[in-house]
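Engineer: The file below is work32.pdb, PDB, C-alpha atoms:
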ATOM      1  CA  MET A  63       0.000   0.000   0.000
ATOM      2  CA  GLU A  64       3.056   2.275   0.156
ATOM      3  CA  PHE A  65       2.546   3.124  -3.537
ATOM      4  CA  VAL A  66      -0.846   4.802  -2.809
ATOM      5  CA  PRO A  67       0.602   8.263  -1.910
ATOM      6  CA  ALA A  68       2.692   8.221  -5.100
ATOM      7  CA  ILE A  69      -0.379   7.352  -7.202
ATOM      8  CA  MET A  70      -2.418  10.050  -5.404
ATOM      9  CA  ARG A  71       0.282  12.679  -5.984
ATOM     10  CA  TRP A  72       0.390  11.718  -9.681
ATOM     11  CA  LEU A  73      -3.423  11.879  -9.904
ATOM     12  CA  HIS A  74      -3.455  15.205  -8.001
ATOM     13  CA  LEU A  75      -1.018  16.692 -10.532
ATOM     14  CA  MET A  76      -2.751  15.290 -13.639
ATOM     15  CA  ALA A  77      -6.245  16.347 -12.566
ATOM     16  CA  GLY A  78      -4.859  19.688 -11.346
ATOM     17  CA  VAL A  79      -3.254  20.372 -14.730
ATOM     18  CA  MET A  80      -6.570  19.622 -16.445
ATOM     19  CA  TRP A  81      -8.548  21.803 -13.980
ATOM     20  CA  ILE A  82      -6.280  24.851 -14.002
ATOM     21  CA  GLY A  83      -5.465  24.376 -17.695
ATOM     22  CA  LEU A  84      -9.163  24.585 -18.567
ATOM     23  CA  LEU A  85      -9.619  27.514 -16.139
ATOM     24  CA  TYR A  86      -6.870  29.388 -18.009
ATOM     25  CA  TYR A  87      -8.425  28.354 -21.346
ATOM     26  CA  PHE A  88     -11.757  29.898 -20.268
ATOM     27  CA  ASN A  89     -10.166  33.115 -18.995
ATOM     28  CA  PHE A  90      -7.297  33.678 -21.417
ATOM     29  CA  VAL A  91      -8.901  32.264 -24.591
ATOM     30  CA  GLN A  92     -12.651  31.614 -24.536
ATOM     31  CA  VAL A  93     -13.867  34.939 -23.076
ATOM     32  CA  ALA A  94     -12.056  36.919 -25.788
ATOM     33  CA  ALA A  95     -12.971  34.345 -28.466
ATOM     34  CA  LEU A  96     -16.691  34.570 -27.603
ATOM     35  CA  LYS A  97     -16.569  38.355 -27.853
ATOM     36  CA  ALA A  98     -14.978  38.143 -31.322
ATOM     37  CA  ALA A  99     -17.292  35.295 -32.391
ATOM     38  CA  ALA A 100     -20.392  37.265 -31.361
ATOM     39  CA  ALA A 101     -19.428  39.899 -33.934
ATOM     40  CA  ASP A 102     -19.645  37.431 -36.837
ATOM     41  CA  ASN A 103     -22.379  35.162 -35.414
ATOM     42  CA  THR A 104     -20.116  32.142 -34.867
ATOM     43  CA  ALA A 105     -20.429  32.109 -31.045
ATOM     44  CA  PRO A 106     -22.929  29.186 -31.027
ATOM     45  CA  GLY A 107     -20.115  26.987 -32.352
ATOM     46  CA  ILE A 108     -18.246  27.598 -29.107
ATOM     47  CA  THR A 109     -21.203  27.629 -26.693
ATOM     48  CA  LYS A 110     -22.791  24.513 -28.210
ATOM     49  CA  HIS A 111     -19.803  22.317 -29.028
ATOM     50  CA  VAL A 112     -16.776  23.492 -27.023
ATOM     51  CA  ALA A 113     -17.943  25.029 -23.730
ATOM     52  CA  PRO A 114     -20.099  22.090 -22.488
ATOM     53  CA  ARG A 115     -17.267  19.604 -23.098
ATOM     54  CA  ALA A 116     -14.672  21.885 -21.495
ATOM     55  CA  LEU A 117     -16.973  22.446 -18.483
ATOM     56  CA  PHE A 118     -17.499  18.707 -18.043
ATOM     57  CA  TYR A 119     -13.767  17.977 -17.691
ATOM     58  CA  PHE A 120     -13.249  21.242 -15.761
ATOM     59  CA  ARG A 121     -15.690  20.503 -12.936
ATOM     60  CA  TRP A 122     -14.852  16.818 -12.551
ATOM     61  CA  ALA A 123     -11.104  17.469 -12.697
ATOM     62  CA  ALA A 124     -11.623  20.029  -9.903
ATOM     63  CA  LEU A 125     -13.283  17.407  -7.704
ATOM     64  CA  VAL A 126     -10.672  14.714  -8.444
ATOM     65  CA  THR A 127      -7.865  17.209  -7.725
ATOM     66  CA  TRP A 128      -9.374  18.095  -4.344
ATOM     67  CA  LEU A 129     -10.054  14.470  -3.346
ATOM     68  CA  ALA A 130      -6.550  13.343  -4.328
ATOM     69  CA  GLY A 131      -5.094  16.330  -2.448
ATOM     70  CA  ALA A 132      -7.148  15.537   0.662
ATOM     71  CA  SER A 133      -5.950  11.942   0.477
ATOM     72  CA  LEU A 134      -2.338  13.166   0.257
ATOM     73  CA  LEU A 135      -2.790  15.264   3.397
ATOM     74  CA  GLY A 136      -4.074  12.131   5.185
ATOM     75  CA  LYS A 137      -3.571  12.376   8.947
ATOM     76  CA  ASN A 138      -2.251  15.935   8.494
ATOM     77  CA  PHE A 139      -5.565  17.133   7.023
ATOM     78  CA  VAL A 140      -6.681  18.948  10.197
ATOM     79  CA  ALA A 141      -3.203  20.412  10.843
ATOM     80  CA  ALA A 142      -3.170  21.825   7.316
ATOM     81  CA  PHE A 143      -6.665  23.334   7.466
ATOM     82  CA  THR A 144      -6.036  24.833  10.911
ATOM     83  CA  LEU A 145      -2.741  26.306   9.569
ATOM     84  CA  SER A 146      -0.739  24.658  12.369
ATOM     85  CA  GLY A 147       2.960  25.506  12.349
ATOM     86  CA  SER A 148       4.812  24.354   9.256
ATOM     87  CA  TYR A 149       1.539  22.938   7.863
ATOM     88  CA  ALA A 150       0.402  26.552   7.366
ATOM     89  CA  VAL A 151       2.192  26.597   3.992
ATOM     90  CA  ILE A 152       0.349  23.663   2.420
ATOM     91  CA  GLY A 153      -2.721  24.651   4.466
ATOM     92  CA  ILE A 154      -3.015  28.027   2.723
ATOM     93  CA  GLY A 155      -2.747  26.223  -0.618
ATOM     94  CA  ALA A 156      -5.385  23.718   0.500
ATOM     95  CA  TRP A 157      -7.752  26.494   1.631
ATOM     96  CA  LEU A 158      -7.359  28.345  -1.667
ATOM     97  CA  GLY A 159      -7.987  25.112  -3.596
ATOM     98  CA  THR A 160     -11.060  24.415  -1.480
ATOM     99  CA  ILE A 161     -12.508  27.892  -2.079
ATOM    100  CA  MET A 162     -11.859  27.391  -5.804
ATOM    101  CA  LEU A 163     -13.629  24.002  -5.788
ATOM    102  CA  LEU A 164     -16.646  25.550  -4.042
ATOM    103  CA  ASN A 165     -16.630  28.335  -6.644
ATOM    104  CA  VAL A 166     -16.679  25.745  -9.455
ATOM    105  CA  TRP A 167     -19.562  23.652  -8.103
ATOM    106  CA  GLY A 168     -21.482  26.375  -6.254
ATOM    107  CA  LEU A 169     -21.226  29.354  -8.629
ATOM    108  CA  ILE A 170     -19.629  28.616 -12.003
ATOM    109  CA  TRP A 171     -21.423  25.381 -12.957
ATOM    110  CA  PRO A 172     -24.964  26.325 -11.756
ATOM    111  CA  ASN A 173     -24.741  29.651 -13.636
ATOM    112  CA  GLN A 174     -23.154  28.111 -16.747
ATOM    113  CA  LYS A 175     -26.117  25.695 -16.913
ATOM    114  CA  LYS A 176     -28.401  28.738 -17.313
ATOM    115  CA  ILE A 177     -26.083  30.429 -19.844
ATOM    116  CA  LEU A 178     -25.751  27.323 -22.014
ATOM    117  CA  GLY A 179     -29.465  26.507 -21.874
ATOM    118  CA  ILE A 180     -29.022  23.265 -19.928
ATOM    119  CA  LYS A 181     -31.292  24.793 -17.259
ATOM    120  CA  PRO A 182     -34.223  27.011 -18.368
ATOM    121  CA  ALA A 183     -33.702  30.714 -17.622
ATOM    122  CA  THR A 184     -35.146  34.050 -18.740
ATOM    123  CA  ASP A 185     -32.970  36.553 -20.608
ATOM    124  CA  ASP A 186     -32.590  38.625 -17.417
ATOM    125  CA  GLU A 187     -31.530  35.555 -15.456
ATOM    126  CA  LYS A 188     -29.008  34.700 -18.183
ATOM    127  CA  VAL A 189     -27.473  38.187 -18.042
ATOM    128  CA  LYS A 190     -27.128  37.891 -14.256
ATOM    129  CA  ALA A 191     -25.791  34.324 -14.506
ATOM    130  CA  ARG A 192     -23.183  35.424 -17.083
ATOM    131  CA  ARG A 193     -21.826  38.110 -14.723
ATOM    132  CA  ILE A 194     -21.728  35.800 -11.691
ATOM    133  CA  ALA A 195     -20.044  32.965 -13.631
ATOM    134  CA  PHE A 196     -17.531  35.407 -15.141
ATOM    135  CA  LEU A 197     -16.555  36.931 -11.788
ATOM    136  CA  ALA A 198     -16.360  33.514 -10.089
ATOM    137  CA  SER A 199     -14.114  32.273 -12.887
ATOM    138  CA  ARG A 200     -11.911  35.387 -12.697
ATOM    139  CA  THR A 201     -11.759  34.999  -8.900
ATOM    140  CA  ASN A 202     -10.520  31.432  -9.380
ATOM    141  CA  THR A 203      -7.900  32.617 -11.879
ATOM    142  CA  MET A 204      -6.705  35.172  -9.315
ATOM    143  CA  LEU A 205      -6.699  32.593  -6.487
ATOM    144  CA  SER A 206      -4.880  30.028  -8.655
ATOM    145  CA  ILE A 207      -1.741  32.223  -8.582
ATOM    146  CA  PRO A 208      -1.141  32.023  -4.787
ATOM    147  CA  MET A 209      -2.660  28.506  -4.702
ATOM    148  CA  LEU A 210       0.007  27.159  -7.096
ATOM    149  CA  PHE A 211       2.720  29.038  -5.183
ATOM    150  CA  PHE A 212       1.703  27.446  -1.867
ATOM    151  CA  MET A 213       1.243  23.981  -3.379
ATOM    152  CA  ALA A 214       4.810  24.148  -4.721
ATOM    153  CA  ALA A 215       6.108  25.708  -1.478
ATOM    154  CA  GLY A 216       4.395  23.019   0.608
ATOM    155  CA  ALA A 217       6.346  20.316  -1.198
ATOM    156  CA  HIS A 218       9.645  22.244  -1.505
ATOM    157  CA  SER A 219       9.623  24.505   1.555
ATOM    158  CA  ALA A 220      13.410  25.054   1.730
ATOM    159  CA  ILE A 221      13.746  26.759  -1.653
ATOM    160  CA  TYR A 222      10.726  28.959  -0.871
ATOM    161  CA  GLY A 223      12.240  30.254   2.379
ATOM    162  CA  PHE A 224       9.940  28.481   4.861
TER     163      PHE A 224
ATOM    164  CA  MET B 223     -13.855  52.196  -9.195
ATOM    165  CA  LYS B 224     -13.360  49.575 -11.869
ATOM    166  CA  ASN B 225     -13.326  45.924 -10.798
ATOM    167  CA  PRO B 226      -9.770  44.611 -11.404
ATOM    168  CA  LEU B 227     -11.230  41.185 -12.259
ATOM    169  CA  ASP B 228     -12.807  42.665 -15.398
ATOM    170  CA  SER B 229      -9.389  42.689 -17.045
ATOM    171  CA  LEU B 230      -6.893  39.854 -17.358
ATOM    172  CA  TRP B 231      -3.998  42.036 -16.230
ATOM    173  CA  GLY B 232      -6.006  43.192 -13.211
ATOM    174  CA  THR B 233      -6.698  39.561 -12.352
ATOM    175  CA  VAL B 234      -3.047  38.495 -12.660
ATOM    176  CA  ILE B 235      -1.744  41.496 -10.684
ATOM    177  CA  SER B 236      -4.355  40.892  -7.944
ATOM    178  CA  GLY B 237      -3.177  37.262  -7.761
ATOM    179  CA  LEU B 238       0.460  38.322  -7.451
ATOM    180  CA  VAL B 239      -0.347  40.860  -4.708
ATOM    181  CA  LEU B 240      -2.368  38.226  -2.822
ATOM    182  CA  THR B 241       0.569  35.810  -3.130
ATOM    183  CA  ILE B 242       2.943  38.333  -1.526
ATOM    184  CA  VAL B 243       0.496  39.085   1.316
ATOM    185  CA  LEU B 244      -0.117  35.383   2.010
ATOM    186  CA  TYR B 245       3.632  34.670   1.847
ATOM    187  CA  PHE B 246       4.226  36.978   4.806
ATOM    188  CA  VAL B 247       1.221  35.524   6.664
ATOM    189  CA  ALA B 248       2.554  31.976   6.143
ATOM    190  CA  HIS B 249       6.066  33.045   7.103
ATOM    191  CA  LYS B 250       4.796  34.505  10.355
ATOM    192  CA  LEU B 251       2.784  31.365  11.163
ATOM    193  CA  VAL B 252       5.764  29.045  10.485
ATOM    194  CA  VAL B 253       8.325  31.204  12.305
ATOM    195  CA  GLN B 254       6.054  31.495  15.393
ATOM    196  CA  VAL B 255       6.267  27.734  15.833
ATOM    197  CA  LEU B 256      10.021  27.472  15.240
ATOM    198  CA  ALA B 257      10.829  30.381  17.624
TER     199      ALA B 257
END
So, in terms of structure tokens, how does the structure I just supplied come out?
Structural biologist:
Amino acid sequence: MEFVPAIMRWLHLMAGVMWIGLLYYFNFVQVAALKAAAADNTAPGITKHVAPRALFYFRWAALVTWLAGASLLGKNFVAAFTLSGSYAVIGIGAWLGTIMLLNVWGLIWPNQKKILGIKPATDDEKVKARRIAFLASRTNTMLSIPMLFFMAAGAHSAIYGF
Amino acid sequence: MKNPLDSLWGTVISGLVLTIVLYFVAHKLVVQVLA
């Protein structure tokens, strides 16, 4: 069973790359692409064929990343989340990742369902949902910067000055 | 005041500032235990 932490770390990294990679795709590529596509009426190509697939992998990768990370913390889970001593470093990363996961499942996905027409919504509700989903996604992009710093620092504390 | 999250640069700069703030918070928490 000693190989389990190694498998979990591998899974944590793979799912994390998919999660944050898709988050950066949404924020650095898709937002600007949708604006340009709206001008020549090609936006439905993105909202119908690309966005739902990207969101599927995005939200499930987020959950797998968190679960694999929680499994890696193991008996140190409470110490990390209570920011105890040297566990404060990975704990801050874990808190940021947790807030981001809650943003994905509690704000981004429910509002994207309205935007993409998966859940019925009026035009006014769609406008509101678009703003909430956008800001939640931008918040996650902002939080990903310190989150990645503290994840790396948690595993390599000496070179980060902790 | 404009929301910094409305622009990509605003988002990235906010993330970098938050990283610096949290670095000092973490440093203080770790050093408190070692002292």
Engineer: Select residues of chain A: the criterion is any atom within 8 Å of an atom of chain B, counting all atoms listed in the file; output as a list in words.
Structural biologist: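 Selected residues: Asn89, Phe90, Leu145, Ser146, Gly147, Ser148, Tyr149, Ala150, Val151, Ile154, Leu197, Arg200, Thr201, Thr203, Met204, Leu205, Ser206, Ile207, Pro208, Phe211 and Phe224 of chain A.
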Engineer: Mind pulling up the distance from atom CA of Leu163 of chain A to atom CA of Lys224 of chain B?
Structural biologist: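 The value is 26.3 Å.
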Engineer: Just so the selection is clear, what residues does the PyMOL selection byres ((chain A and resi 111-114) around 9) cover here, as a list in words?
Structural biologist: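 Selected by the PyMOL selection byres ((chain A and resi 111-114) around 9) here: Phe88, Gln92, Pro106, Gly107, Ile108, Thr109, Lys110, Arg115, Ala116, Leu117, Phe118, Tyr119, Gln174, Lys175 and Leu178 of chain A.
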Engineer: Segment 130-203 of chain A near segment 70-83 of chain A within 7 Å: what's each residue's closest atom pair and its distance in Å to one decimal, counting all atoms listed in the file, ordered by chain then ascending residue number, as a Markdown table?
Structural biologist:
| residue | atom | partner | partner_atom | distance |
| --- | --- | --- | --- | --- |
| A:Ala130 | CA | A:His74 | CA | 5.2 |
| A:Gly131 | CA | A:His74 | CA | 5.9 |
| A:Leu134 | CA | A:Met70 | CA | 6.5 |
Engineer: In Å, with one decimal, what is the gap from atom CA of Glu187 of chain A to atom CA of Gly168 of chain A?
Structural biologist: 16.4 Å
